[in-house]
Amino acid sequence: DNTLPQLTQPQLEKLKHLTVVSLASESKLLAYDDIKKELGLSEDQQVEDLVIACIYKNLIAAKLDQKRRVVEIDHVIGRDVRREDLEDIYTKLEKWAEACDEVLGEISTEIDTATKNASAKKTLDFEFTKAQQALRTERATEGVAASNSLTRNDSQFASEEYKLEEQRTGDA
(Lines give C-alpha, C1' and ligand atoms only; values in the text may rest on other atoms or scores of the structure.)
Protein backbone atom coordinates (compact mmCIF):
# COMPACT_ATOMS: atom_id res chain seq x y z
CA ASP A 1 0.00 0.00 0.00
CA ASN A 2 2.88 2.30 -0.81
CA THR A 3 1.48 5.57 -2.19
CA LEU A 4 4.85 6.74 -3.54
CA PRO A 5 5.50 6.07 -7.21
CA GLN A 6 8.11 3.51 -8.19
CA LEU A 7 11.48 5.13 -9.00
CA THR A 8 13.14 4.46 -12.32
CA GLN A 9 16.69 3.11 -12.49
CA PRO A 10 18.22 6.52 -13.43
CA GLN A 11 16.36 8.12 -10.51
CA LEU A 12 17.65 5.44 -8.13
CA GLU A 13 21.20 5.97 -9.39
CA LYS A 14 20.91 9.73 -8.93
CA LEU A 15 19.68 9.27 -5.35
CA LYS A 16 22.61 6.96 -4.64
CA HIS A 17 25.03 9.53 -6.08
CA LEU A 18 23.48 12.28 -3.97
CA THR A 19 23.72 10.07 -0.90
CA VAL A 20 27.43 9.53 -1.54
CA VAL A 21 27.83 13.31 -1.96
CA SER A 22 26.02 13.90 1.35
CA LEU A 23 28.20 11.35 3.14
CA ALA A 24 31.35 12.81 1.58
CA SER A 25 30.42 16.32 2.68
CA GLU A 26 30.21 15.11 6.30
CA SER A 27 33.44 13.11 6.43
CA LYS A 28 36.68 12.95 4.47
CA LEU A 29 37.03 9.22 5.11
CA LEU A 30 34.12 6.91 4.29
CA ALA A 31 34.18 3.24 5.26
CA TYR A 32 32.84 0.81 2.69
CA ASP A 33 30.57 -0.67 5.39
CA ASP A 34 29.00 2.73 6.13
CA ILE A 35 28.24 3.28 2.44
CA LYS A 36 26.83 -0.22 2.09
CA LYS A 37 24.63 0.27 5.15
CA GLU A 38 23.38 3.71 4.04
CA LEU A 39 22.54 2.54 0.51
CA GLY A 40 21.53 -1.06 1.18
CA LEU A 41 24.40 -2.50 -0.86
CA SER A 42 25.78 -5.96 -0.23
CA GLU A 43 29.12 -6.09 -2.07
CA ASP A 44 32.31 -4.02 -1.93
CA GLN A 45 32.31 -4.03 -5.74
CA GLN A 46 28.97 -2.20 -5.73
CA VAL A 47 30.46 0.48 -3.44
CA GLU A 48 33.51 0.84 -5.69
CA ASP A 49 31.40 1.05 -8.86
CA LEU A 50 29.18 3.70 -7.27
CA VAL A 51 32.16 5.78 -6.04
CA ILE A 52 33.84 5.51 -9.45
CA ALA A 53 30.62 6.69 -11.12
CA CYS A 54 30.51 9.67 -8.74
CA ILE A 55 34.14 10.48 -9.58
CA TYR A 56 33.45 10.31 -13.33
CA LYS A 57 30.47 12.63 -12.91
CA ASN A 58 32.75 15.08 -11.02
CA LEU A 59 30.56 14.87 -7.94
CA ILE A 60 33.54 13.95 -5.78
CA ALA A 61 37.30 13.75 -6.06
CA ALA A 62 38.37 10.69 -4.11
CA LYS A 63 40.66 7.68 -3.88
CA LEU A 64 39.58 4.13 -3.21
CA ASP A 65 41.69 2.28 -0.66
CA GLN A 66 40.68 -1.33 -1.17
CA LYS A 67 43.11 -2.66 1.40
CA ARG A 68 41.68 -0.51 4.22
CA ARG A 69 38.18 -0.60 2.64
CA VAL A 70 37.71 3.17 2.75
CA VAL A 71 37.11 6.04 0.36
CA GLU A 72 39.40 9.04 0.91
CA ILE A 73 37.51 12.19 -0.09
CA ASP A 74 39.57 15.06 -1.51
CA HIS A 75 36.72 17.26 -2.75
CA VAL A 76 32.95 17.14 -2.94
CA ILE A 77 30.50 19.31 -4.88
CA GLY A 78 28.19 21.54 -2.90
CA ARG A 79 24.60 20.62 -2.26
CA ASP A 80 21.68 22.79 -1.30
CA VAL A 81 22.31 24.42 2.04
CA ARG A 82 20.02 23.28 4.82
CA ARG A 83 18.74 25.89 7.27
CA GLU A 84 20.35 24.07 10.20
CA ASP A 85 23.74 24.38 8.45
CA LEU A 86 23.53 28.17 8.00
CA GLU A 87 24.75 29.05 11.49
CA ASP A 88 27.73 26.71 11.15
CA ILE A 89 28.57 28.16 7.73
CA TYR A 90 28.27 31.69 9.10
CA THR A 91 30.57 30.85 12.03
CA LYS A 92 33.17 29.32 9.71
CA LEU A 93 33.03 32.35 7.41
CA GLU A 94 33.46 34.70 10.38
CA LYS A 95 36.53 32.75 11.53
CA TRP A 96 37.90 32.79 8.00
CA ALA A 97 37.34 36.56 7.74
CA GLU A 98 39.10 37.08 11.10
CA ALA A 99 42.03 34.98 9.92
CA CYS A 100 42.17 37.04 6.71
CA ASP A 101 42.19 40.25 8.75
CA GLU A 102 45.08 38.93 10.86
CA VAL A 103 47.05 37.99 7.76
CA LEU A 104 46.37 41.39 6.19
CA GLY A 105 47.55 43.06 9.40
CA GLU A 106 50.74 41.02 9.35
CA ILE A 107 51.30 41.83 5.69
CA SER A 108 50.72 45.52 6.40
CA THR A 109 53.27 45.40 9.23
CA GLU A 110 55.79 43.71 6.94
CA ILE A 111 55.19 46.34 4.25
CA ASP A 112 55.69 49.14 6.80
CA THR A 113 58.92 47.53 8.03
CA ALA A 114 60.18 47.06 4.47
CA THR A 115 59.33 50.68 3.63
CA LYS A 116 61.15 51.97 6.72
CA ASN A 117 64.16 49.78 5.95
CA ALA A 118 64.24 50.98 2.35
CA SER A 119 64.01 54.61 3.50
CA ALA A 120 66.80 54.09 6.06
CA LYS A 121 68.96 52.41 3.41
CA LYS A 122 68.35 55.28 1.01
CA THR A 123 69.35 57.77 3.72
CA LEU A 124 72.47 55.77 4.56
CA ASP A 125 73.38 55.49 0.87
CA PHE A 126 72.95 59.25 0.49
CA GLU A 127 75.07 59.97 3.59
CA PHE A 128 77.73 57.52 2.41
CA THR A 129 77.88 59.14 -1.04
CA LYS A 130 78.07 62.59 0.57
CA ALA A 131 80.92 61.48 2.87
CA GLN A 132 82.69 59.86 -0.08
CA GLN A 133 82.45 63.08 -2.10
CA ALA A 134 83.70 65.15 0.85
CA LEU A 135 86.67 62.82 1.28
CA ARG A 136 87.49 63.02 -2.43
CA THR A 137 87.26 66.82 -2.32
CA GLU A 138 89.47 66.93 0.78
CA ARG A 139 92.07 64.67 -0.81
CA ALA A 140 92.02 66.69 -4.01
CA THR A 141 92.45 69.95 -2.05
CA GLU A 142 95.34 68.43 -0.09
CA GLY A 143 96.93 67.32 -3.34
CA VAL A 144 96.67 70.80 -4.85
CA ALA A 145 97.99 72.39 -1.66
CA ALA A 146 100.90 69.97 -1.59
CA SER A 147 101.77 70.68 -5.20
CA ASN A 148 101.49 74.45 -4.62
CA SER A 149 103.79 74.27 -1.61
CA LEU A 150 106.57 72.91 -3.78
CA THR A 151 108.75 75.71 -5.01
CA ARG A 152 110.79 75.62 -8.10
CA ASN A 153 113.94 75.85 -5.92
CA ASP A 154 112.99 72.90 -3.77
CA SER A 155 116.17 70.97 -3.96
CA GLN A 156 114.51 67.70 -3.24
CA PHE A 157 112.58 67.76 -6.53
CA ALA A 158 114.61 70.00 -8.82
CA SER A 159 117.33 68.61 -11.07
CA GLU A 160 120.80 70.16 -11.20
CA GLU A 161 120.17 71.39 -14.73
CA TYR A 162 116.94 73.06 -13.65
CA LYS A 163 118.68 74.77 -10.72
CA LEU A 164 121.45 76.01 -12.99
CA GLU A 165 118.95 77.37 -15.49
CA GLU A 166 117.09 79.19 -12.72
CA GLN A 167 120.30 80.70 -11.44
CA ARG A 168 121.33 81.83 -14.94
CA THR A 169 118.00 83.51 -15.66
CA GLY A 170 117.77 84.98 -12.18
CA ASP A 171 114.43 83.40 -11.25
CA ALA A 172 115.84 82.12 -7.98
# chains A, B, ... in the order shown; residues from 1 in each chain; ligands from 1
>>> select_by_dssp(residues="stretch 63-135 of chain A", states="alpha helix (DSSP H)", output="PyMOL selection string")
chain A and resi 83-135
>>> select_by_dssp(residues="stretch 6-172 of chain A", states="strand (DSSP E)", output="ChimeraX atom specification")
/A:29-31,60-65,70-76
